[in-house]
>>> print(open('upload-v7.cif').read())   # mmCIF, C-alpha atoms (C1' of nucleotides)
data_final
loop_
_atom_site.group_PDB
_atom_site.id
_atom_site.type_symbol
_atom_site.label_atom_id
_atom_site.label_comp_id
_atom_site.auth_asym_id
_atom_site.auth_seq_id
_atom_site.Cartn_x
_atom_site.Cartn_y
_atom_site.Cartn_z
ATOM 1 C CA MET A 1 114.672 52.326 -35.347
ATOM 2 C CA PRO A 2 112.660 52.538 -38.490
ATOM 3 C CA ASP A 3 110.288 49.741 -39.289
ATOM 4 C CA LYS A 4 110.485 47.861 -42.509
ATOM 5 C CA THR A 5 107.484 49.807 -43.724
ATOM 6 C CA ASP A 6 109.608 52.952 -43.459
ATOM 7 C CA PHE A 7 111.512 51.665 -46.451
ATOM 8 C CA PHE A 8 108.794 52.936 -48.731
ATOM 9 C CA LYS A 9 108.553 56.149 -46.773
ATOM 10 C CA SER A 10 112.294 56.701 -47.051
ATOM 11 C CA VAL A 11 112.101 56.178 -50.779
ATOM 12 C CA TYR A 12 109.426 58.834 -51.133
ATOM 13 C CA GLU A 13 111.393 61.162 -48.902
ATOM 14 C CA VAL A 14 114.615 60.886 -50.860
ATOM 15 C CA THR A 15 112.773 61.120 -54.154
ATOM 16 C CA ARG A 16 111.205 64.399 -53.095
ATOM 17 C CA LEU A 17 114.696 65.735 -52.370
ATOM 18 C CA ILE A 18 115.700 65.367 -56.002
ATOM 19 C CA PRO A 19 116.392 68.884 -57.313
ATOM 20 C CA LYS A 20 114.579 70.169 -60.359
ATOM 21 C CA GLY A 21 116.301 69.298 -63.591
ATOM 22 C CA ARG A 22 118.090 66.358 -61.997
ATOM 23 C CA VAL A 23 117.488 62.633 -62.063
ATOM 24 C CA THR A 24 118.663 59.625 -60.127
ATOM 25 C CA SER A 25 118.487 55.868 -60.272
ATOM 26 C CA TYR A 26 116.565 53.383 -58.166
ATOM 27 C CA GLY A 27 119.788 51.737 -57.083
ATOM 28 C CA SER A 28 121.230 55.007 -55.807
ATOM 29 C CA ILE A 29 118.156 55.605 -53.690
ATOM 30 C CA ALA A 30 118.228 52.055 -52.432
ATOM 31 C CA ASN A 31 121.893 52.414 -51.622
ATOM 32 C CA TYR A 32 121.262 55.629 -49.741
ATOM 33 C CA ILE A 33 118.560 54.169 -47.515
ATOM 34 C CA GLY A 34 120.626 51.069 -46.854
ATOM 35 C CA ALA A 35 119.301 48.515 -49.314
ATOM 36 C CA PRO A 36 121.859 48.412 -52.141
ATOM 37 C CA ARG A 37 120.495 45.099 -53.385
ATOM 38 C CA SER A 38 116.850 46.060 -53.153
ATOM 39 C CA ALA A 39 116.580 48.475 -56.041
ATOM 40 C CA ARG A 40 113.498 46.577 -57.160
ATOM 41 C CA MET A 41 111.761 47.469 -53.927
ATOM 42 C CA VAL A 42 112.392 51.123 -54.712
ATOM 43 C CA GLY A 43 110.601 50.712 -58.000
ATOM 44 C CA TYR A 44 107.823 48.856 -56.287
ATOM 45 C CA ALA A 45 107.553 51.598 -53.695
ATOM 46 C CA MET A 46 107.201 54.083 -56.528
ATOM 47 C CA ASN A 47 104.028 52.275 -57.375
ATOM 48 C CA GLY A 48 102.374 54.374 -54.696
ATOM 49 C CA ALA A 49 104.255 57.567 -55.487
ATOM 50 C CA GLY A 50 101.269 59.212 -57.161
ATOM 51 C CA ALA A 51 99.152 58.296 -54.158
ATOM 52 C CA GLN A 52 101.407 60.188 -51.777
ATOM 53 C CA MET A 53 100.903 63.711 -50.563
ATOM 54 C CA PRO A 54 102.516 65.692 -51.877
ATOM 55 C CA MET A 55 103.036 63.703 -55.015
ATOM 56 C CA VAL A 56 106.467 62.173 -55.329
ATOM 57 C CA PRO A 57 108.370 63.281 -58.472
ATOM 58 C CA ALA A 58 108.813 59.735 -59.665
ATOM 59 C CA HIS A 59 109.533 61.071 -63.136
ATOM 60 C CA ARG A 60 112.954 62.092 -61.819
ATOM 61 C CA VAL A 61 113.740 58.489 -61.036
ATOM 62 C CA VAL A 62 114.987 56.212 -63.780
ATOM 63 C CA ASN A 63 117.013 53.059 -63.964
ATOM 64 C CA ARG A 64 120.811 53.100 -64.047
ATOM 65 C CA ASN A 65 120.574 53.023 -67.818
ATOM 66 C CA GLY A 66 118.916 56.426 -67.862
ATOM 67 C CA LEU A 67 115.883 54.807 -69.429
ATOM 68 C CA LEU A 68 112.353 55.850 -68.512
ATOM 69 C CA THR A 69 111.367 52.387 -67.448
ATOM 70 C CA GLY A 70 108.519 53.603 -65.260
ATOM 71 C CA LYS A 71 106.785 55.772 -67.813
ATOM 72 C CA ALA A 72 104.175 53.098 -68.339
ATOM 73 C CA HIS A 73 103.054 53.507 -64.741
ATOM 74 C CA PHE A 74 102.240 57.176 -65.128
ATOM 75 C CA ASN A 75 98.818 58.485 -66.012
ATOM 76 C CA ASP A 76 100.147 59.085 -69.500
ATOM 77 C CA GLU A 77 103.404 57.795 -70.849
ATOM 78 C CA ASN A 78 104.182 61.138 -72.445
ATOM 79 C CA ASP A 79 103.781 62.905 -69.102
ATOM 80 C CA MET A 80 107.036 61.596 -67.734
ATOM 81 C CA GLN A 81 109.090 62.781 -70.680
ATOM 82 C CA LYS A 82 107.158 66.018 -70.809
ATOM 83 C CA LEU A 83 107.767 66.722 -67.143
ATOM 84 C CA LEU A 84 111.469 65.989 -67.480
ATOM 85 C CA GLU A 85 111.867 68.194 -70.523
ATOM 86 C CA ASN A 86 109.932 70.896 -68.739
ATOM 87 C CA GLU A 87 112.580 70.816 -66.021
ATOM 88 C CA GLY A 88 115.434 71.050 -68.478
ATOM 89 C CA VAL A 89 116.095 67.346 -68.877
ATOM 90 C CA ILE A 90 116.321 66.249 -72.478
ATOM 91 C CA VAL A 91 114.731 62.903 -73.244
ATOM 92 C CA LYS A 92 115.239 61.059 -76.495
ATOM 93 C CA ASN A 93 113.735 57.730 -77.374
ATOM 94 C CA ASP A 94 112.577 57.245 -73.759
ATOM 95 C CA GLN A 95 116.174 57.759 -72.710
ATOM 96 C CA ILE A 96 117.735 60.720 -70.915
ATOM 97 C CA VAL A 97 120.333 62.564 -72.975
ATOM 98 C CA ASN A 98 123.529 63.412 -71.089
ATOM 99 C CA PHE A 99 122.237 61.197 -68.304
ATOM 100 C CA LYS A 100 125.526 61.490 -66.482
ATOM 101 C CA GLN A 101 125.205 65.252 -66.549
ATOM 102 C CA HIS A 102 121.723 65.215 -65.036
ATOM 103 C CA PHE A 103 122.490 62.405 -62.624
ATOM 104 C CA TRP A 104 121.930 63.217 -58.953
ATOM 105 C CA ASP A 105 123.366 60.867 -56.389
ATOM 106 C CA PRO A 106 121.943 61.275 -52.849
ATOM 107 C CA LYS A 107 125.086 59.711 -51.447
ATOM 108 C CA GLU A 108 127.167 62.418 -53.056
ATOM 109 C CA GLU A 109 124.806 65.364 -52.874
ATOM 110 C CA LEU A 110 123.169 64.785 -49.512
ATOM 111 C CA LYS A 111 126.219 63.043 -48.070
ATOM 112 C CA LEU A 112 125.609 61.471 -44.707
ATOM 113 C "C1'" DG B 1 100.915 28.441 -48.010
ATOM 114 C "C1'" DC B 2 103.280 28.493 -52.643
ATOM 115 C "C1'" DG B 3 104.885 30.149 -57.166
ATOM 116 C "C1'" DT B 4 105.272 34.055 -60.163
ATOM 117 C "C1'" DT B 5 105.983 38.791 -61.185
ATOM 118 C "C1'" DG B 6 108.393 43.119 -61.104
ATOM 119 C "C1'" DA B 7 109.344 51.158 -62.140
ATOM 120 C "C1'" DC B 8 116.606 47.129 -60.803
ATOM 121 C "C1'" DG B 9 121.493 46.286 -60.247
ATOM 122 C "C1'" DA B 10 125.847 43.920 -60.043
ATOM 123 C "C1'" DG B 11 128.844 40.442 -61.565
ATOM 124 C "C1'" DG B 12 130.572 36.894 -64.658
ATOM 125 C "C1'" DA B 13 131.369 34.925 -69.369
ATOM 126 C "C1'" DG C 1 130.824 46.611 -75.617
ATOM 127 C "C1'" DT C 2 126.719 42.631 -75.119
ATOM 128 C "C1'" DC C 3 124.209 38.628 -73.032
ATOM 129 C "C1'" DC C 4 123.085 35.720 -69.201
ATOM 130 C "C1'" DT C 5 122.385 34.626 -64.263
ATOM 131 C "C1'" DC C 6 121.527 35.627 -59.529
ATOM 132 C "C1'" DG C 7 119.878 38.319 -55.614
ATOM 133 C "C1'" DC C 8 116.552 41.177 -53.396
ATOM 134 C "C1'" DC C 9 111.819 41.213 -51.097
ATOM 135 C "C1'" DA C 10 106.845 42.905 -51.302
ATOM 136 C "C1'" DA C 11 102.560 42.114 -53.653
ATOM 137 C "C1'" DC C 12 99.453 39.301 -56.360
ATOM 138 C "C1'" DG C 13 96.817 35.026 -57.929
#
>>> encode(input="upload-v7.cif", output="structure tokens")
Amino acid sequence: MPDKTDFFKSVYEVTRLIPKGRVTSYGSIANYIGAPRSARMVGYAMNGAGAQMPMVPAHRVVNRNGLLTGKAHFNDENDMQKLLENEGVIVKNDQIVNFKQHFWDPKEELKL
DNA sequence: GCGTTGACGAGGA
DNA sequence: GTCCTCGCCAACG
């Protein structure tokens, strides 16, 4: 019976499970952990992603639009795009190209 | 204790 | 397709 505080922990956990070269959306994560209407909390939880150990690959998490909305929260805005491109994800104008192709849904991939 | 903000998403017009 | 509104709930001032 996870406490409410485990919400953040669950977010970090799922985010770490994102395969290299794949991305997902806050809503998908929220939906997977049982908070389909609390996508904002996922983003808020990501606020401490860089403070986690090991670091949570928050750069693989974008909004449903495929837009790098959280880039501003990284050490350097270019880092997020750079990291994604380094993993094979093409980013153009702060937006992921072929987003649907790189999309990774925990509900579909992890199932259960 | 209260109002505002926010790395979002879904639904309606 | 776009634009607007509401919900969601923790953190901040």
>>> resolve_selection(input="upload-v7.cif", expression="the PyMOL selection byres ((chain A) within 6 of (chain B))", output="number ranges by chain")
A: 39-40, 43, 69-70
>>> resolve_selection(input="upload-v7.cif", expression="the PyMOL selection byres ((chain C) within 9 of (chain A))", output="PyMOL selection string")
chain C and resi 7-11
>>> write_last_selection(input="upload-v7.cif", atoms="C-alpha atoms (C1' of nucleotides)", output="compact mmCIF listing (two decimals), keeping the file's coordinate frame")
# COMPACT_ATOMS: atom_id res chain seq x y z
C1' DG C 7 119.88 38.32 -55.61
C1' DC C 8 116.55 41.18 -53.40
C1' DC C 9 111.82 41.21 -51.10
C1' DA C 10 106.84 42.90 -51.30
C1' DA C 11 102.56 42.11 -53.65
>>> closest_residue(input="upload-v7.cif", among="A:Ser10, A:Asn78, A:Ile29, A:Gly21", to="Lys92 of chain A", atoms="all atoms listed in the file")
A:Asn78
>>> resolve_selection(input="upload-v7.cif", expression="the PyMOL selection byres ((chain A and resi 84) around 9)", output="ChimeraX atom specification")
/A:20-23,59-60,79-83,85-91,96
>>> atom_distance(input="upload-v7.cif", atom1="atom CA of Val11 of chain A", atom2="atom CA of Leu110 of chain A")
14.1 Å
>>> decode(input="upload-v7.cif", residues="segment 61-75 of chain A", atoms="C-alpha atoms", output="PDB file, in the first residue's frame")
ATOM      1  CA  VAL A  61      10.032  12.510 -21.015  1.00  0.00           C
ATOM      2  CA  VAL A  62       8.136  15.098 -23.011  1.00  0.00           C
ATOM      3  CA  ASN A  63       4.585  16.292 -23.206  1.00  0.00           C
ATOM      4  CA  ARG A  64       1.998  14.585 -25.402  1.00  0.00           C
ATOM      5  CA  ASN A  65       2.860  17.091 -28.097  1.00  0.00           C
ATOM      6  CA  GLY A  66       6.375  15.713 -28.364  1.00  0.00           C
ATOM      7  CA  LEU A  67       7.668  19.101 -27.305  1.00  0.00           C
ATOM      8  CA  LEU A  68      10.654  19.477 -24.997  1.00  0.00           C
ATOM      9  CA  THR A  69       8.726  21.465 -22.462  1.00  0.00           C
ATOM     10  CA  GLY A  70      11.107  20.629 -19.631  1.00  0.00           C
ATOM     11  CA  LYS A  71      14.320  21.632 -21.334  1.00  0.00           C
ATOM     12  CA  ALA A  72      14.381  24.850 -19.364  1.00  0.00           C
ATOM     13  CA  HIS A  73      14.724  22.860 -16.156  1.00  0.00           C
ATOM     14  CA  PHE A  74      17.908  21.141 -17.245  1.00  0.00           C
ATOM     15  CA  ASN A  75      21.362  22.421 -16.450  1.00  0.00           C
TER      16      ASN A  75
END
